[in-house]
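Asks: Data: work.cif, mmCIF, C-alpha atoms; chains and numbers go by the auth columns.
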```cif
data_protein
loop_
_atom_site.group_PDB
_atom_site.id
_atom_site.type_symbol
_atom_site.label_atom_id
_atom_site.label_comp_id
_atom_site.label_asym_id
_atom_site.label_seq_id
_atom_site.Cartn_x
_atom_site.Cartn_y
_atom_site.Cartn_z
_atom_site.B_iso_or_equiv
_atom_site.auth_seq_id
_atom_site.auth_asym_id
ATOM 1 C CA MET A 1 45.764 -56.793 14.384 0.00 1090 E
ATOM 2 C CA THR A 2 44.266 -55.092 17.453 0.00 1091 E
ATOM 3 C CA LYS A 3 47.469 -53.163 18.179 0.00 1092 E
ATOM 4 C CA PHE A 4 47.698 -52.083 14.556 0.00 1093 E
ATOM 5 C CA LEU A 5 44.089 -50.835 14.518 0.00 1094 E
ATOM 6 C CA LEU A 6 44.536 -49.117 17.877 0.00 1095 E
ATOM 7 C CA SER A 7 47.705 -47.417 16.613 0.00 1096 E
ATOM 8 C CA LEU A 8 45.910 -46.190 13.485 0.00 1097 E
ATOM 9 C CA HIS A 9 42.964 -44.995 15.587 0.00 1098 E
ATOM 10 C CA VAL A 10 45.208 -43.008 17.951 0.00 1099 E
ATOM 11 C CA LEU A 11 47.299 -41.579 15.106 0.00 1100 E
ATOM 12 C CA ALA A 12 44.162 -40.548 13.215 0.00 1101 E
ATOM 13 C CA ALA A 13 42.828 -38.831 16.343 0.00 1102 E
ATOM 14 C CA ILE A 14 46.072 -36.930 16.853 0.00 1103 E
ATOM 15 C CA VAL A 15 46.530 -35.964 13.205 0.00 1104 E
ATOM 16 C CA ALA A 16 42.881 -35.133 12.463 0.00 1105 E
ATOM 17 C CA ILE A 17 41.198 -33.981 15.650 0.00 1106 E
ATOM 18 C CA GLY A 18 44.173 -32.103 17.102 0.00 1107 E
ATOM 19 C CA PRO A 19 44.365 -29.551 14.279 0.00 1108 E
ATOM 20 C CA VAL A 20 40.597 -29.002 14.349 0.00 1109 E
ATOM 21 C CA THR A 21 40.571 -28.269 18.081 0.00 1110 E
ATOM 22 C CA VAL A 22 43.533 -25.891 17.832 0.00 1111 E
ATOM 23 C CA ALA A 23 42.401 -24.079 14.661 0.00 1112 E
ATOM 24 C CA ALA A 24 38.826 -23.799 15.926 0.00 1113 E
ATOM 25 C CA SER A 25 40.103 -22.274 19.175 0.00 1114 E
ATOM 26 C CA MET A 26 42.261 -19.794 17.279 0.00 1115 E
ATOM 27 C CA PHE A 27 39.441 -18.752 14.927 0.00 1116 E
ATOM 28 C CA PRO A 28 37.352 -16.415 17.183 0.00 1117 E
ATOM 29 C CA PRO A 29 40.263 -14.196 18.302 0.00 1118 E
ATOM 30 C CA ALA A 30 41.655 -14.137 14.747 0.00 1119 E
ATOM 31 C CA ALA A 31 38.225 -13.100 13.456 0.00 1120 E
ATOM 32 C CA ARG A 32 38.042 -10.338 16.085 0.00 1121 E
ATOM 33 C CA ARG A 33 41.493 -9.040 15.049 0.00 1122 E
ATOM 34 C CA ALA A 34 40.532 -9.123 11.368 0.00 1123 E
ATOM 35 C CA ALA A 35 37.250 -7.330 12.103 0.00 1124 E
ATOM 36 C CA ALA A 36 39.044 -4.652 14.106 0.00 1125 E
ATOM 37 C CA ALA A 37 41.328 -4.008 11.143 0.00 1126 E
ATOM 38 C CA LEU A 38 38.348 -3.411 8.804 0.00 1127 E
ATOM 39 C CA GLY A 39 37.840 0.130 10.051 0.00 1128 E
ATOM 40 C CA GLU A 40 41.509 0.916 9.516 0.00 1129 E
ATOM 41 C CA ALA A 41 43.754 0.129 6.609 0.00 1130 E
ATOM 42 C CA PRO A 42 42.593 -3.304 5.386 0.00 1131 E
ATOM 43 C CA ASP A 43 44.905 -6.133 6.358 0.00 1132 E
ATOM 44 C CA PRO A 44 44.453 -8.952 3.830 0.00 1133 E
ATOM 45 C CA SER A 45 46.707 -11.226 5.868 0.00 1134 E
ATOM 46 C CA ALA A 46 44.305 -11.017 8.836 0.00 1135 E
ATOM 47 C CA VAL A 47 41.393 -12.234 6.712 0.00 1136 E
ATOM 48 C CA GLY A 48 43.737 -14.773 5.105 0.00 1137 E
ATOM 49 C CA THR A 49 44.560 -16.163 8.532 0.00 1138 E
ATOM 50 C CA VAL A 50 40.879 -16.535 9.346 0.00 1139 E
ATOM 51 C CA ALA A 51 40.277 -18.244 5.994 0.00 1140 E
ATOM 52 C CA LEU A 52 43.179 -20.639 6.631 0.00 1141 E
ATOM 53 C CA LEU A 53 41.885 -21.540 10.088 0.00 1142 E
ATOM 54 C CA HIS A 54 38.426 -22.261 8.657 0.00 1143 E
ATOM 55 C CA ARG A 55 39.938 -24.392 5.894 0.00 1144 E
ATOM 56 C CA ILE A 56 41.950 -26.392 8.445 0.00 1145 E
ATOM 57 C CA CYS A 57 38.784 -27.022 10.466 0.00 1146 E
ATOM 58 C CA ARG A 58 36.774 -28.030 7.407 0.00 1147 E
ATOM 59 C CA VAL A 59 39.385 -30.295 5.820 0.00 1148 E
ATOM 60 C CA TYR A 60 40.573 -31.983 8.983 0.00 1149 E
ATOM 61 C CA SER A 61 37.016 -32.557 10.207 0.00 1150 E
ATOM 62 C CA GLY A 62 36.500 -34.606 7.045 0.00 1151 E
ATOM 63 C CA VAL A 63 39.712 -36.510 7.685 0.00 1152 E
ATOM 64 C CA GLY A 64 38.520 -36.933 11.286 0.00 1153 E
ATOM 65 C CA LEU A 65 35.759 -39.264 10.094 0.00 1154 E
ATOM 66 C CA THR A 66 38.439 -41.964 10.052 0.00 1155 E
ATOM 67 C CA VAL A 67 38.736 -41.747 13.846 0.00 1156 E
ATOM 68 C CA PRO A 68 35.337 -43.291 14.717 0.00 1157 E
ATOM 69 C CA VAL A 69 35.616 -45.761 11.830 0.00 1158 E
ATOM 70 C CA LEU A 70 38.954 -47.011 13.148 0.00 1159 E
ATOM 71 C CA GLY A 71 37.553 -46.816 16.674 0.00 1160 E
ATOM 72 C CA PHE A 72 34.689 -49.149 15.820 0.00 1161 E
ATOM 73 C CA ALA A 73 37.104 -51.555 14.128 0.00 1162 E
ATOM 74 C CA THR A 74 39.396 -51.476 17.148 0.00 1163 E
ATOM 75 C CA GLY A 75 36.518 -51.925 19.602 0.00 1164 E
ATOM 76 C CA ALA A 76 35.201 -54.886 17.602 0.00 1165 E
ATOM 77 C CA ALA A 77 38.668 -56.467 17.501 0.00 1166 E
ATOM 78 C CA MET A 78 39.021 -55.986 21.267 0.00 1167 E
ATOM 79 C CA GLY A 79 35.495 -57.242 21.939 0.00 1168 E
ATOM 80 C CA VAL A 80 34.497 -54.149 23.910 0.00 1169 E
ATOM 81 C CA LEU A 81 31.759 -52.631 21.743 0.00 1170 E
ATOM 82 C CA GLY A 82 29.191 -53.066 24.511 0.00 1171 E
ATOM 83 C CA SER A 83 31.333 -51.544 27.273 0.00 1172 E
ATOM 84 C CA GLY A 84 29.831 -48.551 29.036 0.00 1173 E
ATOM 85 C CA TRP A 85 32.907 -46.371 28.601 0.00 1174 E
ATOM 86 C CA LEU A 86 32.937 -47.043 24.866 0.00 1175 E
ATOM 87 C CA VAL A 87 29.214 -46.433 24.417 0.00 1176 E
ATOM 88 C CA THR A 88 29.616 -43.165 26.344 0.00 1177 E
ATOM 89 C CA SER A 89 32.617 -42.240 24.179 0.00 1178 E
ATOM 90 C CA ILE A 90 30.630 -42.956 21.028 0.00 1179 E
ATOM 91 C CA ALA A 91 27.758 -40.765 22.243 0.00 1180 E
ATOM 92 C CA LEU A 92 30.161 -37.940 23.119 0.00 1181 E
ATOM 93 C CA THR A 93 31.885 -38.294 19.746 0.00 1182 E
ATOM 94 C CA VAL A 94 28.544 -37.987 17.976 0.00 1183 E
ATOM 95 C CA ALA A 95 27.747 -34.936 20.111 0.00 1184 E
ATOM 96 C CA ALA A 96 31.137 -33.353 19.306 0.00 1185 E
ATOM 97 C CA ALA A 97 30.658 -33.995 15.587 0.00 1186 E
ATOM 98 C CA GLY A 98 27.175 -32.497 15.823 0.00 1187 E
ATOM 99 C CA VAL A 99 28.441 -29.354 17.561 0.00 1188 E
ATOM 100 C CA LEU A 100 31.175 -28.990 14.952 0.00 1189 E
ATOM 101 C CA ALA A 101 28.869 -29.530 11.982 0.00 1190 E
ATOM 102 C CA ALA A 102 25.869 -27.573 13.265 0.00 1191 E
ATOM 103 C CA PHE A 103 27.399 -24.708 15.210 0.00 1192 E
ATOM 104 C CA VAL A 104 31.154 -24.242 14.723 0.00 1193 E
ATOM 105 C CA LEU A 105 31.744 -24.655 10.981 0.00 1194 E
ATOM 106 C CA PRO A 106 28.636 -22.718 9.833 0.00 1195 E
ATOM 107 C CA ARG A 107 29.408 -19.817 12.183 0.00 1196 E
ATOM 108 C CA GLN A 108 33.015 -19.761 11.022 0.00 1197 E
ATOM 109 C CA GLU A 109 31.871 -19.643 7.413 0.00 1198 E
ATOM 110 C CA GLU A 110 29.390 -16.858 8.165 0.00 1199 E
ATOM 111 C CA LEU A 111 32.031 -14.758 9.918 0.00 1200 E
ATOM 112 C CA LEU A 112 34.537 -15.403 7.142 0.00 1201 E
ATOM 113 C CA ASP A 113 32.014 -14.343 4.492 0.00 1202 E
ATOM 114 C CA ARG A 114 31.339 -11.136 6.398 0.00 1203 E
ATOM 115 C CA LEU A 115 35.058 -10.413 6.715 0.00 1204 E
ATOM 116 C CA LYS A 116 35.681 -11.088 3.027 0.00 1205 E
ATOM 117 C CA GLY A 117 32.831 -8.720 2.186 0.00 1206 E
ATOM 118 C CA GLU A 118 34.363 -6.175 4.571 0.00 1207 E
ATOM 119 C CA GLN A 119 31.164 -6.141 6.621 0.00 1208 E
ATOM 120 C CA ALA A 120 31.105 -5.525 10.337 0.00 1209 E
ATOM 121 C CA VAL A 121 31.401 -8.555 12.599 0.00 1210 E
ATOM 122 C CA ASP A 122 29.366 -8.483 15.782 0.00 1211 E
ATOM 123 C CA HIS A 123 31.429 -9.265 18.882 0.00 1212 E
ATOM 124 C CA GLN A 124 28.548 -11.411 20.148 0.00 1213 E
ATOM 125 C CA ASN A 125 28.958 -13.737 17.143 0.00 1214 E
ATOM 126 C CA THR A 126 32.601 -14.399 17.944 0.00 1215 E
ATOM 127 C CA VAL A 127 31.728 -14.957 21.597 0.00 1216 E
ATOM 128 C CA GLN A 128 29.075 -17.526 20.657 0.00 1217 E
ATOM 129 C CA LEU A 129 31.499 -19.222 18.295 0.00 1218 E
ATOM 130 C CA ALA A 130 34.102 -19.378 21.066 0.00 1219 E
ATOM 131 C CA MET A 131 31.502 -20.957 23.366 0.00 1220 E
ATOM 132 C CA PHE A 132 30.542 -23.643 20.836 0.00 1221 E
ATOM 133 C CA THR A 133 34.214 -24.277 20.109 0.00 1222 E
ATOM 134 C CA GLY A 134 34.842 -24.709 23.830 0.00 1223 E
ATOM 135 C CA ILE A 135 31.994 -27.204 24.067 0.00 1224 E
ATOM 136 C CA PHE A 136 33.408 -29.116 21.078 0.00 1225 E
ATOM 137 C CA ASN A 137 36.879 -29.178 22.663 0.00 1226 E
ATOM 138 C CA LEU A 138 35.512 -30.229 26.053 0.00 1227 E
ATOM 139 C CA LEU A 139 33.617 -33.119 24.470 0.00 1228 E
ATOM 140 C CA TRP A 140 36.781 -34.319 22.712 0.00 1229 E
ATOM 141 C CA ALA A 141 38.836 -33.955 25.883 0.00 1230 E
ATOM 142 C CA THR A 142 36.270 -36.087 27.727 0.00 1231 E
ATOM 143 C CA VAL A 143 36.393 -38.746 24.996 0.00 1232 E
ATOM 144 C CA THR A 144 40.190 -38.753 25.218 0.00 1233 E
ATOM 145 C CA VAL A 145 40.106 -39.258 28.974 0.00 1234 E
ATOM 146 C CA LEU A 146 37.575 -42.077 28.622 0.00 1235 E
ATOM 147 C CA MET A 147 39.778 -43.744 26.015 0.00 1236 E
ATOM 148 C CA ILE A 148 42.755 -43.614 28.355 0.00 1237 E
ATOM 149 C CA VAL A 149 41.096 -44.424 31.682 0.00 1238 E
ATOM 150 C CA ARG A 150 38.488 -46.909 30.405 0.00 1239 E
ATOM 151 C CA PRO A 151 36.422 -47.347 33.594 0.00 1240 E
ATOM 152 C CA GLY A 152 36.111 -50.994 34.565 0.00 1241 E
ATOM 153 C CA SER A 153 39.100 -51.934 32.442 0.00 1242 E
ATOM 154 C CA THR A 154 41.130 -54.931 33.445 0.00 1243 E
ATOM 155 C CA THR A 155 44.357 -53.299 32.229 0.00 1244 E
ATOM 156 C CA GLY A 156 44.799 -51.411 35.492 0.00 1245 E
ATOM 157 C CA ALA A 157 44.929 -48.078 33.705 0.00 1246 E
#
```
Write out the structure in this file as structure tokens.
Replies:
Amino acid sequence: MTKFLLSLHVLAAIVAIGPVTVAASMFPPAARRAAAALGEAPDPSAVGTVALLHRICRVYSGVGLTVPVLGFATGAAMGVLGSGWLVTSIALTVAAAGVLAAFVLPRQEELLDRLKGEQAVDHQNTVQLAMFTGIFNLLWATVTVLMIVRPGSTTGA
């Protein structure tokens, strides 16, 4: 059962978190390109791309809730819920989810609303969004490394 839960946990992380990290990283430059096109002939596909990237982030972040649920089930089955590396990973996961929910998704939505209303987008807003997205991605990368390395593990990994 442990291998099955671990497999589901890893697959959920790849399928759910991967698209969020990629789409979130693509969002700021896509928003800048769409904003630059506002002064010229409007390019509906540029705004459509930004809308699609936001939708991917929003939908897959919801699907991503399965990752910690399966992670807790896997950790319980393995008997490692009290391990330092897992507690640290849980804290970093909560931090990543917080950054996504509090800073990335709302800023994406705000920029998208401005683009749809053909309002100017401040370059500073896309820079801040890129920074928060980078923090989110760095937190997930750290969790991934902790899941692989597992300090103090007896597996030799």
Asks: Can you give me, as a count of residues only, the residues this file yields under the PyMOL selection byres ((chain E and resi 1192-1208) around 8)?
Replies: 23
Asks: Run the PyMOL selection byres ((chain E and resi 1157) around 12) against the file shown and list the residues it catches, as a PDB file with C-alpha atoms, keeping the file's coordinate frame.
Replies:
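New file result_2.pdb:
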```pdb
ATOM      1  CA  LEU E1094      44.089 -50.835  14.518  1.00  0.00           C
ATOM      2  CA  LEU E1095      44.536 -49.117  17.877  1.00  0.00           C
ATOM      3  CA  LEU E1097      45.910 -46.190  13.485  1.00  0.00           C
ATOM      4  CA  HIS E1098      42.964 -44.995  15.587  1.00  0.00           C
ATOM      5  CA  VAL E1099      45.208 -43.008  17.951  1.00  0.00           C
ATOM      6  CA  ALA E1101      44.162 -40.548  13.215  1.00  0.00           C
ATOM      7  CA  ALA E1102      42.828 -38.831  16.343  1.00  0.00           C
ATOM      8  CA  ALA E1105      42.881 -35.133  12.463  1.00  0.00           C
ATOM      9  CA  ILE E1106      41.198 -33.981  15.650  1.00  0.00           C
ATOM     10  CA  SER E1150      37.016 -32.557  10.207  1.00  0.00           C
ATOM     11  CA  GLY E1151      36.500 -34.606   7.045  1.00  0.00           C
ATOM     12  CA  VAL E1152      39.712 -36.510   7.685  1.00  0.00           C
ATOM     13  CA  GLY E1153      38.520 -36.933  11.286  1.00  0.00           C
ATOM     14  CA  LEU E1154      35.759 -39.264  10.094  1.00  0.00           C
ATOM     15  CA  THR E1155      38.439 -41.964  10.052  1.00  0.00           C
ATOM     16  CA  VAL E1156      38.736 -41.747  13.846  1.00  0.00           C
ATOM     17  CA  VAL E1158      35.616 -45.761  11.830  1.00  0.00           C
ATOM     18  CA  LEU E1159      38.954 -47.011  13.148  1.00  0.00           C
ATOM     19  CA  GLY E1160      37.553 -46.816  16.674  1.00  0.00           C
ATOM     20  CA  PHE E1161      34.689 -49.149  15.820  1.00  0.00           C
ATOM     21  CA  ALA E1162      37.104 -51.555  14.128  1.00  0.00           C
ATOM     22  CA  THR E1163      39.396 -51.476  17.148  1.00  0.00           C
ATOM     23  CA  GLY E1164      36.518 -51.925  19.602  1.00  0.00           C
ATOM     24  CA  ALA E1165      35.201 -54.886  17.602  1.00  0.00           C
ATOM     25  CA  LEU E1175      32.937 -47.043  24.866  1.00  0.00           C
ATOM     26  CA  VAL E1176      29.214 -46.433  24.417  1.00  0.00           C
ATOM     27  CA  SER E1178      32.617 -42.240  24.179  1.00  0.00           C
ATOM     28  CA  ILE E1179      30.630 -42.956  21.028  1.00  0.00           C
ATOM     29  CA  ALA E1180      27.758 -40.765  22.243  1.00  0.00           C
ATOM     30  CA  LEU E1181      30.161 -37.940  23.119  1.00  0.00           C
ATOM     31  CA  THR E1182      31.885 -38.294  19.746  1.00  0.00           C
ATOM     32  CA  VAL E1183      28.544 -37.987  17.976  1.00  0.00           C
ATOM     33  CA  ALA E1185      31.137 -33.353  19.306  1.00  0.00           C
ATOM     34  CA  ALA E1186      30.658 -33.995  15.587  1.00  0.00           C
ATOM     35  CA  VAL E1232      36.393 -38.746  24.996  1.00  0.00           C
TER      36      VAL E1232
END
```
Asks: Quick check, in Å to one decimal: how far apart do CA of Asn1226 (chain E) and CA of Met1115 (chain E) lie?
Replies: 12.1 Å
Asks: CA of Pro1108 (chain E) to CA of Leu1141 (chain E): how many Å, to one decimal?
Replies: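 Computed distance, CA of Pro1108 (chain E) to CA of Leu1141 (chain E), equals 11.8 Å.
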Asks: What separation in Å, quoted to one decimal, exists between CA of Gly1223 (chain E) and CA of Val1148 (chain E)?
Replies: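 Answer for the CA of Gly1223 (chain E) to CA of Val1148 (chain E) separation: 19.4 Å.
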Asks: Could you give me the centre and size, in Å to one decimal, of an axis-aligned box around all listed atoms of region 1195-1203 of chain E with 5 Å added on every side, as JSON?
Replies:
```
{"center_x": 31.6, "center_y": -16.9, "center_z": 8.3, "size_x": 15.9, "size_y": 21.6, "size_z": 17.7}
```
Asks: Since the input is missing atoms for region 1183-1194 of chain E, could you rebuild it with all heavy atoms and give the result as a PDB file, keeping the file's coordinate frame?
Replies:
```pdb
ATOM      1  N   VAL E1183      29.662 -38.430  18.819  1.00  0.00           N
ATOM      2  CA  VAL E1183      28.544 -37.987  17.976  1.00  0.00           C
ATOM      3  C   VAL E1183      28.139 -36.559  18.359  1.00  0.00           C
ATOM      4  O   VAL E1183      27.893 -35.719  17.483  1.00  0.00           O
ATOM      5  CB  VAL E1183      27.350 -38.967  18.085  1.00  0.00           C
ATOM      6  CG1 VAL E1183      26.093 -38.396  17.455  1.00  0.00           C
ATOM      7  CG2 VAL E1183      27.711 -40.312  17.463  1.00  0.00           C
ATOM      8  N   ALA E1184      28.096 -36.283  19.659  1.00  0.00           N
ATOM      9  CA  ALA E1184      27.747 -34.936  20.111  1.00  0.00           C
ATOM     10  C   ALA E1184      28.784 -33.920  19.639  1.00  0.00           C
ATOM     11  O   ALA E1184      28.427 -32.833  19.161  1.00  0.00           O
ATOM     12  CB  ALA E1184      27.622 -34.906  21.636  1.00  0.00           C
ATOM     13  N   ALA E1185      30.071 -34.262  19.752  1.00  0.00           N
ATOM     14  CA  ALA E1185      31.137 -33.353  19.306  1.00  0.00           C
ATOM     15  C   ALA E1185      31.036 -33.100  17.808  1.00  0.00           C
ATOM     16  O   ALA E1185      31.145 -31.953  17.353  1.00  0.00           O
ATOM     17  CB  ALA E1185      32.515 -33.933  19.648  1.00  0.00           C
ATOM     18  N   ALA E1186      30.804 -34.151  17.037  1.00  0.00           N
ATOM     19  CA  ALA E1186      30.658 -33.995  15.587  1.00  0.00           C
ATOM     20  C   ALA E1186      29.445 -33.128  15.269  1.00  0.00           C
ATOM     21  O   ALA E1186      29.491 -32.288  14.353  1.00  0.00           O
ATOM     22  CB  ALA E1186      30.534 -35.360  14.918  1.00  0.00           C
ATOM     23  N   GLY E1187      28.374 -33.303  16.025  1.00  0.00           N
ATOM     24  CA  GLY E1187      27.175 -32.497  15.823  1.00  0.00           C
ATOM     25  C   GLY E1187      27.416 -31.026  16.119  1.00  0.00           C
ATOM     26  O   GLY E1187      26.977 -30.150  15.360  1.00  0.00           O
ATOM     27  N   VAL E1188      28.122 -30.745  17.210  1.00  0.00           N
ATOM     28  CA  VAL E1188      28.441 -29.354  17.561  1.00  0.00           C
ATOM     29  C   VAL E1188      29.315 -28.737  16.474  1.00  0.00           C
ATOM     30  O   VAL E1188      29.090 -27.603  16.047  1.00  0.00           O
ATOM     31  CB  VAL E1188      29.133 -29.274  18.945  1.00  0.00           C
ATOM     32  CG1 VAL E1188      29.717 -27.899  19.195  1.00  0.00           C
ATOM     33  CG2 VAL E1188      28.155 -29.644  20.055  1.00  0.00           C
ATOM     34  N   LEU E1189      30.291 -29.497  16.000  1.00  0.00           N
ATOM     35  CA  LEU E1189      31.175 -28.990  14.952  1.00  0.00           C
ATOM     36  C   LEU E1189      30.399 -28.704  13.670  1.00  0.00           C
ATOM     37  O   LEU E1189      30.524 -27.623  13.082  1.00  0.00           O
ATOM     38  CB  LEU E1189      32.301 -29.990  14.681  1.00  0.00           C
ATOM     39  CG  LEU E1189      33.351 -29.571  13.660  1.00  0.00           C
ATOM     40  CD1 LEU E1189      34.144 -28.374  14.151  1.00  0.00           C
ATOM     41  CD2 LEU E1189      34.276 -30.731  13.333  1.00  0.00           C
ATOM     42  N   ALA E1190      29.592 -29.663  13.257  1.00  0.00           N
ATOM     43  CA  ALA E1190      28.869 -29.530  11.982  1.00  0.00           C
ATOM     44  C   ALA E1190      27.732 -28.516  12.047  1.00  0.00           C
ATOM     45  O   ALA E1190      27.470 -27.805  11.070  1.00  0.00           O
ATOM     46  CB  ALA E1190      28.320 -30.888  11.550  1.00  0.00           C
ATOM     47  N   ALA E1191      27.053 -28.428  13.179  1.00  0.00           N
ATOM     48  CA  ALA E1191      25.869 -27.573  13.265  1.00  0.00           C
ATOM     49  C   ALA E1191      26.152 -26.164  13.772  1.00  0.00           C
ATOM     50  O   ALA E1191      25.418 -25.228  13.429  1.00  0.00           O
ATOM     51  CB  ALA E1191      24.822 -28.229  14.165  1.00  0.00           C
ATOM     52  N   PHE E1192      27.190 -26.010  14.581  1.00  0.00           N
ATOM     53  CA  PHE E1192      27.399 -24.708  15.210  1.00  0.00           C
ATOM     54  C   PHE E1192      28.751 -24.063  14.908  1.00  0.00           C
ATOM     55  O   PHE E1192      28.819 -22.860  14.705  1.00  0.00           O
ATOM     56  CB  PHE E1192      27.239 -24.823  16.737  1.00  0.00           C
ATOM     57  CG  PHE E1192      25.877 -25.279  17.157  1.00  0.00           C
ATOM     58  CD1 PHE E1192      25.673 -26.571  17.610  1.00  0.00           C
ATOM     59  CD2 PHE E1192      24.789 -24.427  17.072  1.00  0.00           C
ATOM     60  CE1 PHE E1192      24.403 -27.000  17.979  1.00  0.00           C
ATOM     61  CE2 PHE E1192      23.527 -24.841  17.436  1.00  0.00           C
ATOM     62  CZ  PHE E1192      23.330 -26.136  17.893  1.00  0.00           C
ATOM     63  N   VAL E1193      29.822 -24.837  14.893  1.00  0.00           N
ATOM     64  CA  VAL E1193      31.154 -24.242  14.723  1.00  0.00           C
ATOM     65  C   VAL E1193      31.427 -23.900  13.261  1.00  0.00           C
ATOM     66  O   VAL E1193      31.676 -22.737  12.928  1.00  0.00           O
ATOM     67  CB  VAL E1193      32.252 -25.168  15.298  1.00  0.00           C
ATOM     68  CG1 VAL E1193      33.641 -24.601  15.012  1.00  0.00           C
ATOM     69  CG2 VAL E1193      32.065 -25.358  16.803  1.00  0.00           C
ATOM     70  N   LEU E1194      31.395 -24.899  12.387  1.00  0.00           N
ATOM     71  CA  LEU E1194      31.744 -24.655  10.981  1.00  0.00           C
ATOM     72  C   LEU E1194      30.820 -23.648  10.291  1.00  0.00           C
ATOM     73  O   LEU E1194      31.312 -22.742   9.601  1.00  0.00           O
ATOM     74  CB  LEU E1194      31.798 -25.970  10.200  1.00  0.00           C
ATOM     75  CG  LEU E1194      32.937 -26.919  10.602  1.00  0.00           C
ATOM     76  CD1 LEU E1194      32.825 -28.229   9.846  1.00  0.00           C
ATOM     77  CD2 LEU E1194      34.294 -26.274  10.399  1.00  0.00           C
TER      78      LEU E1194
END
```
